[in-house]
Amino acid sequence: MSHAENAIAPRISLVVPVYRVQGYLRACLDSILDQSFTDFEIVAIDDASPDACGRILDEYAARDERVVPVHLTENQGIGKARDLGALRARGDYIFFLDSDDTLAEGALQAVADRLDLTADPDILLLNHVRTYWTNRVQASAAGEMLAAAGKDVFTALERPEYLTMFAVVWNRVYRREFYVGNEFTFTDGIYEDALMVYKTMLTAERIACLEQVCVEYRQRRQGNSMRTPGRKHFGIFEQYARLFAFLDERPHLEPVRPLMFERMVSHFLFTLVRPDRIVPSDRASFFKRSAQQYRRFKPAGFTRPEGMTGVRFELLERGSYPAYQAFELAGATKSKLRKRALKTKNVLGRKAYDQLYRMYQRRPIDENLAVYSAYWNRGVACNPAAIYHKAKELAPHVHGVWVVRAGDEENVPAGVDYVVSRSPRYWEVMARAKYLVNNVNFPNEIVKRPGQVHLQTHHGTPLKQMGIDQQRFPAAAKNMSFHKMLERVDKWDFSLSSNQHSTEIWERVYPCAFENIDSGYPRNDVYFQATSADVARIRAELGIQDGQTAILYCPTVRDYQKGFIPRLDLERLCRELGPDHVVLVRAHYFYGADPQLAALQERGLIKDVSRYPVVEDLCLASDVLITDYSSIMFDYACLDRPIVSYVDDWDVYSKARGVYFDLLSQEPGQTPGATATSEDELIEVFRSGAWNGERAAALRQAFRERFVQYDDGHAAERVVRRIFLNQEATPAVLPLAERTPAPRPAQATDRAGVTTGDTAGDADLVGA
């Protein structure tokens with residue numbers, strides 16, 4: 001019976017160990033599930049991952065029965081996770097794929113075709129590429145060698161050159177009966193791949209090759225265990241000791257012992273010089289252990305490589321680390337030394353490192369001082385403001401100081417301590433504050449001292465592509481240095497998130513070593529705390545008349561155009577909707593005062609609220625939001641009020657800026673309500689009542705379930721307790737069904753039982 005007729009076991013089992021990869025896991029799974037070849041299963045081992053990986057696996061399993069999640073209650077390590085996956089696998093072949101890597105398009109079909117063509121070898125070697133966060137793609141060194149094999153089938157003894165391929169288990173697939181029948185298992189610790197690769201290659205009786213690129217090997221900027229320095233890298237010695245014990249038990253493998261020795265020593269020397277593996281204080285010790293292993297396992301008659309590599313082998317055999325150091329130092333060119341000296345001089349001579357700043361950096365950190373900033377020092381606002389006020393309540397011992405721009409001092413609320421950016425006191429508080437809180441990045445010139453805590457609050461949920469994802473979009477990437485951006489992100493200790501979508505995106509597009517805090521956005525607490533009296537007061541302050549439907553129109557900035565260009569004929573919109581509606585227009589803060597909006601306001605057609613200081617008040621006062629790509633839609637969803645997406649330039653914007661999901665799809669979880677792509681459609685949305693209809697409500701509910709995940713009115717408290725008081729992030733997030741948003745204008749009864757406006761038909765619903 002052919003395999004296609006076998007409905008029980010799949011052709012390929014992809015074994016995917018999963019741990020702390022929530023920012024990359026979806027891309028990995030999607031790359032598998034989107035393959036044209038479909039006869040596979042994914043055995044995904046959740047190795048007690050503390051993030052959302054387990055939930056993501058369950059989500060995919062609910063959609064596709066080929067995804068088989070296995071949840072471990074205790075972390076076992078990648079080797080044990082792979083072992084368990086191999087035992088659970090049912091396929092003819094086992095394909096170990098790391099959960100932060102992806103499959104290339106057409107990879108599984110190419111694998112299946114080559115397996116058929118070569119009559120099911122024990123091992124099929126695959127090609128790969130390295131992908132970098134800069135979008136650079138680097139071909140592997142094995143491409144030509146794999147192509148040269150063609151359809152041949154061989155053993156490692158017959159063609160030992162294939163033992164020099166990158167020694168990882170994910171660039172090959174194993175016939176399951178061969179792998180399980182020989183009882184291969186991974187050893188503890190890192191560098192387990194090399195041992196497994198050599199043992200399986202030297203055991204296999206039939207090896208074949210595939211030159212097509214199958215795996216896209218992600219070069220993570222940070223977060224890869226292999227790139228975290230420490231003594232754990234000394235585990236490489238035990239792994240190679242096991243390899244030579246394996247060779248000792250198999251005399252017929254004696255011909256490849258010199259090659260295995262050369263591979264071992266090269267691996268030692270490669271590891272020794274990597275600063276992301278061996279710290280300088282450990283290098284002498286690592287060198288000594290390498291020399292001991294060199295002498296222990298050196299084959300009789302071994303011939304050292306030629307050139308500089310051979311010299312390094314000789315120095316290692318001699319065991320003299322000072323001599324090795326001298327050799328490496330002598331090998332550094334004068335130009336490199338000059339460049340290094342020049343770079344050091346430039347860094348130390350930068351303007352920010354003036355005498356005053358350096359003096360304050362020598363003083364002790366003030367454990368009870370916090371510095372706040374928002375929107376590039378534009379004032380007391382957003383998440384930092386909510387945290388500031390909650391800290392005054394829960395952690396009054398922490399004194400908060402705000403950074404503001406020169407000329408904006410009069411806008412600072414009474415009683416709030418502040419410094420003007422780049423003033424003498426600014427350098428003092430930046431150098432001495434224990435806590436640095438911002439919703440954007442502080443300037444490059446600010447140095448984060450050891451002991452300081454940097455909290456990045458962000459100021460929105462990403463619809464448009466962010467961070468390193470912007471590299472693919474010239475309109476967004478112009479004038480941006482991504483290397484500098486990531487140097488700023490390197491200063492973050494904590495990153496706030498209001499939903500799992502954001503957590504995954506931040507982790508992937510800012511590949512740095514911060515810790516996520518899934519707390520909700522503190523600025524959104526007010527949407528669950530405000531009363532109907534608050535809503536009525538704000539509407540009165542804005543001049544919104546009783547019975548009017550207040551429409552808040554908040555378009556966002558366009559990277560592909562300059563200046564504020566209204567995308568709506570606001571005069572026509574107001575005329576068509578009539579006096580029962582009032583339009584509040586808030587242009588993006590990047591833009592200055594707009595004369596067109598001022599003229600329309602003078603005529604009484606709109607209310608220009610672009611400079612209104614508290615956007616949350618505007619949301620509370622409005623009945624419905626019209627926006628395009630602004631992250632205000634995610635905050636507004638907390639209120640459970642209608643959202644209309646007016647996106648007349650979707651095709652242009654999505655191509656120029658890049659987006660993470662399709663607002664126009666009408667898919668639950670992607671579209672927050674009614675949509676319009678022209679003025680006529682927008683006007684009809686309101687005339688027909690579609691803006692507030694059942695379909696819009698259903699879409700809004702799905703949107704809330706996805707994006708109003710952690711916002712419940714207690715986000716600021718969770719953050720303050722975690723950051724300033726070093727407590728667990730409590731209280732726990734309330735289930736969405738148990739949260740009570742602020743009452744809608746003129747429709748509900750407030751928490752004190754005071755009715756505002758006509759509530760006919762709603763009394764029974766609110767228990768009045």
# chains A, B, ... in the order shown; residues from 1 in each chain; ligands from 1

call {"tool": "closest_atom_pairs", "arguments": {"of": "range 611-636 of chain A", "to": "range 513-529 of chain A", "cutoff": "8 Å", "atoms": "only C-alpha atoms", "output": "CSV"}}
result
residue,atom,partner,partner_atom,distance
A:Glu616,CA,A:Val526,CA,7.6
A:Leu620,CA,A:Tyr527,CA,7.2
A:Asp635,CA,A:Asn524,CA,6.5

call {"tool": "write_last_selection", "arguments": {"atoms": "all heavy atoms", "output": "PDB file, in the first residue's frame"}}
result
ATOM      1  N   GLU A 616      -7.975  60.734  26.631  1.00  0.00           N
ATOM      2  CA  GLU A 616      -8.914  59.816  27.269  1.00  0.00           C
ATOM      3  C   GLU A 616     -10.250  60.489  27.564  1.00  0.00           C
ATOM      4  O   GLU A 616     -11.312  59.857  27.466  1.00  0.00           O
ATOM      5  CB  GLU A 616      -8.303  59.256  28.563  1.00  0.00           C
ATOM      6  CG  GLU A 616      -7.150  58.300  28.354  1.00  0.00           C
ATOM      7  CD  GLU A 616      -5.829  59.003  28.075  1.00  0.00           C
ATOM      8  OE1 GLU A 616      -5.739  60.239  28.333  1.00  0.00           O
ATOM      9  OE2 GLU A 616      -4.886  58.347  27.599  1.00  0.00           O
ATOM     10  N   LEU A 620     -14.055  59.338  26.383  1.00  0.00           N
ATOM     11  CA  LEU A 620     -15.170  59.195  27.310  1.00  0.00           C
ATOM     12  C   LEU A 620     -16.374  60.027  26.880  1.00  0.00           C
ATOM     13  O   LEU A 620     -17.528  59.638  27.087  1.00  0.00           O
ATOM     14  CB  LEU A 620     -14.734  59.600  28.722  1.00  0.00           C
ATOM     15  CG  LEU A 620     -13.810  58.621  29.453  1.00  0.00           C
ATOM     16  CD1 LEU A 620     -13.208  59.278  30.685  1.00  0.00           C
ATOM     17  CD2 LEU A 620     -14.562  57.357  29.842  1.00  0.00           C
ATOM     18  N   ASP A 635      -7.547  51.304  22.351  1.00  0.00           N
ATOM     19  CA  ASP A 635      -7.915  51.878  23.643  1.00  0.00           C
ATOM     20  C   ASP A 635      -9.426  52.099  23.712  1.00  0.00           C
ATOM     21  O   ASP A 635     -10.058  51.827  24.724  1.00  0.00           O
ATOM     22  CB  ASP A 635      -7.184  53.207  23.857  1.00  0.00           C
ATOM     23  CG  ASP A 635      -5.674  53.062  23.778  1.00  0.00           C
ATOM     24  OD1 ASP A 635      -5.166  51.989  24.147  1.00  0.00           O
ATOM     25  OD2 ASP A 635      -5.011  54.007  23.332  1.00  0.00           O
TER      26      ASP A 635
END

call {"tool": "residues_around", "arguments": {"residues": "Ile544 in chain A", "least_positions_apart": "3", "cutoff": "12 Å", "atoms": "only C-alpha atoms", "output": "list in words"}}
result
Val535, Ala536, Arg537, Ile538, Arg539, Ala540, Glu541, Gly547, Gln548, Thr549, Ala550, Ile551, Leu552, Pro579, Asp580, His581, Val582, Val583, Leu584, Gly604, Ile606, Lys607, Leu618, Ala621, Ser622, Asp623, Pro745 and Ala746 of chain A

call {"tool": "residues_around", "arguments": {"residues": "Asp649 in chain A", "least_positions_apart": "6", "cutoff": "10 Å", "atoms": "only C-alpha atoms", "output": "list in words"}}
result
Arg567, Asp628, Thr677 and Ser678 of chain A

call {"tool": "residues_around", "arguments": {"residues": "Cys209 in chain A", "least_positions_apart": "5", "cutoff": "7 Å", "atoms": "only C-alpha atoms", "output": "ChimeraX atom specification"}}
result
/A:124-126,146,149-150

call {"tool": "write_last_selection", "arguments": {"atoms": "C-alpha atoms", "output": "compact mmCIF listing (two decimals), in the first residue's frame"}}
result
# COMPACT_ATOMS: atom_id res chain seq x y z
CA LEU A 124 18.43 13.34 4.18
CA LEU A 125 20.73 16.37 4.45
CA LEU A 126 19.08 19.74 3.72
CA LEU A 146 24.77 19.19 -1.38
CA ALA A 149 25.73 14.69 -4.35
CA GLY A 150 22.80 14.71 -6.77

call {"tool": "select_by_dssp", "arguments": {"residues": "range 180-416 of chain A", "states": "helix (DSSP H, G or I)", "output": "ChimeraX atom specification"}}
result
/A:180-181,192-203,225-227,231-248,251-272,280-297,307-318,321-331,334-348,355-361,382-394,409-411

call {"tool": "closest_atom_pairs", "arguments": {"of": "range 124-205 of chain A", "to": "range 253-274 of chain A", "cutoff": "10 Å", "atoms": "only C-alpha atoms", "output": "JSON lines"}}
result
{"residue": "A:Ala156", "atom": "CA", "partner": "A:Val256", "partner_atom": "CA", "distance": 8.7}
{"residue": "A:Leu157", "atom": "CA", "partner": "A:Val256", "partner_atom": "CA", "distance": 7.1}
{"residue": "A:Pro160", "atom": "CA", "partner": "A:Val256", "partner_atom": "CA", "distance": 7.0}
{"residue": "A:Glu161", "atom": "CA", "partner": "A:Leu259", "partner_atom": "CA", "distance": 8.9}
{"residue": "A:Leu163", "atom": "CA", "partner": "A:Met260", "partner_atom": "CA", "distance": 8.3}
{"residue": "A:Thr164", "atom": "CA", "partner": "A:Arg263", "partner_atom": "CA", "distance": 7.5}
{"residue": "A:Ala167", "atom": "CA", "partner": "A:Arg263", "partner_atom": "CA", "distance": 9.8}
{"residue": "A:Ala194", "atom": "CA", "partner": "A:Met264", "partner_atom": "CA", "distance": 9.5}
{"residue": "A:Tyr198", "atom": "CA", "partner": "A:Met260", "partner_atom": "CA", "distance": 8.5}
{"residue": "A:Leu202", "atom": "CA", "partner": "A:Leu253", "partner_atom": "CA", "distance": 7.7}
{"residue": "A:Thr203", "atom": "CA", "partner": "A:Leu253", "partner_atom": "CA", "distance": 9.6}

call {"tool": "closest_residue", "arguments": {"among": "A:Tyr179, A:Tyr360, A:Tyr636, A:Phe703", "to": "Phe661 in chain A", "atoms": "only C-alpha atoms"}}
result
A:Phe703

call {"tool": "decode", "arguments": {"residues": "range 245-258 of chain A", "atoms": "N, CA, C and O atoms", "output": "mmCIF file, in the first residue's frame"}}
result
data_model
loop_
_atom_site.group_PDB
_atom_site.id
_atom_site.type_symbol
_atom_site.label_atom_id
_atom_site.label_comp_id
_atom_site.auth_asym_id
_atom_site.auth_seq_id
_atom_site.Cartn_x
_atom_site.Cartn_y
_atom_site.Cartn_z
ATOM 1 N N ALA A 245 34.259 8.623 23.002
ATOM 2 C CA ALA A 245 33.906 7.333 23.608
ATOM 3 C C ALA A 245 33.088 6.506 22.621
ATOM 4 O O ALA A 245 33.265 5.277 22.517
ATOM 5 N N PHE A 246 32.233 7.153 21.885
ATOM 6 C CA PHE A 246 31.448 6.492 20.835
ATOM 7 C C PHE A 246 32.380 5.912 19.766
ATOM 8 O O PHE A 246 32.212 4.773 19.307
ATOM 9 N N LEU A 247 33.391 6.673 19.373
ATOM 10 C CA LEU A 247 34.340 6.190 18.369
ATOM 11 C C LEU A 247 35.162 5.022 18.911
ATOM 12 O O LEU A 247 35.459 4.064 18.173
ATOM 13 N N ASP A 248 35.540 5.091 20.185
ATOM 14 C CA ASP A 248 36.345 4.022 20.777
ATOM 15 C C ASP A 248 35.617 2.677 20.716
ATOM 16 O O ASP A 248 36.253 1.616 20.583
ATOM 17 N N GLU A 249 34.288 2.720 20.811
ATOM 18 C CA GLU A 249 33.503 1.484 20.801
ATOM 19 C C GLU A 249 33.286 0.943 19.387
ATOM 20 O O GLU A 249 32.736 -0.155 19.233
ATOM 21 N N ARG A 250 33.728 1.687 18.367
ATOM 22 C CA ARG A 250 33.481 1.288 16.979
ATOM 23 C C ARG A 250 34.780 1.411 16.177
ATOM 24 O O ARG A 250 35.023 2.411 15.497
ATOM 25 N N PRO A 251 35.631 0.406 16.267
ATOM 26 C CA PRO A 251 36.938 0.464 15.590
ATOM 27 C C PRO A 251 36.836 0.716 14.089
ATOM 28 O O PRO A 251 37.773 1.288 13.497
ATOM 29 N N HIS A 252 35.741 0.317 13.474
ATOM 30 C CA HIS A 252 35.633 0.512 12.025
ATOM 31 C C HIS A 252 35.540 1.984 11.654
ATOM 32 O O HIS A 252 35.688 2.356 10.467
ATOM 33 N N LEU A 253 35.325 2.861 12.646
ATOM 34 C CA LEU A 253 35.239 4.298 12.372
ATOM 35 C C LEU A 253 36.593 4.997 12.523
ATOM 36 O O LEU A 253 36.674 6.223 12.431
ATOM 37 N N GLU A 254 37.653 4.224 12.737
ATOM 38 C CA GLU A 254 38.975 4.810 12.925
ATOM 39 C C GLU A 254 39.379 5.753 11.786
ATOM 40 O O GLU A 254 40.030 6.778 12.033
ATOM 41 N N PRO A 255 38.988 5.502 10.534
ATOM 42 C CA PRO A 255 39.398 6.412 9.445
ATOM 43 C C PRO A 255 38.904 7.851 9.606
ATOM 44 O O PRO A 255 39.527 8.778 9.071
ATOM 45 N N VAL A 256 37.816 8.056 10.318
ATOM 46 C CA VAL A 256 37.302 9.426 10.441
ATOM 47 C C VAL A 256 37.714 10.077 11.759
ATOM 48 O O VAL A 256 37.358 11.224 12.015
ATOM 49 N N ARG A 257 38.478 9.378 12.597
ATOM 50 C CA ARG A 257 38.882 9.963 13.874
ATOM 51 C C ARG A 257 39.685 11.261 13.679
ATOM 52 O O ARG A 257 39.413 12.251 14.387
ATOM 53 N N PRO A 258 40.652 11.334 12.755
ATOM 54 C CA PRO A 258 41.354 12.614 12.576
ATOM 55 C C PRO A 258 40.418 13.754 12.190
ATOM 56 O O PRO A 258 40.582 14.890 12.656
#
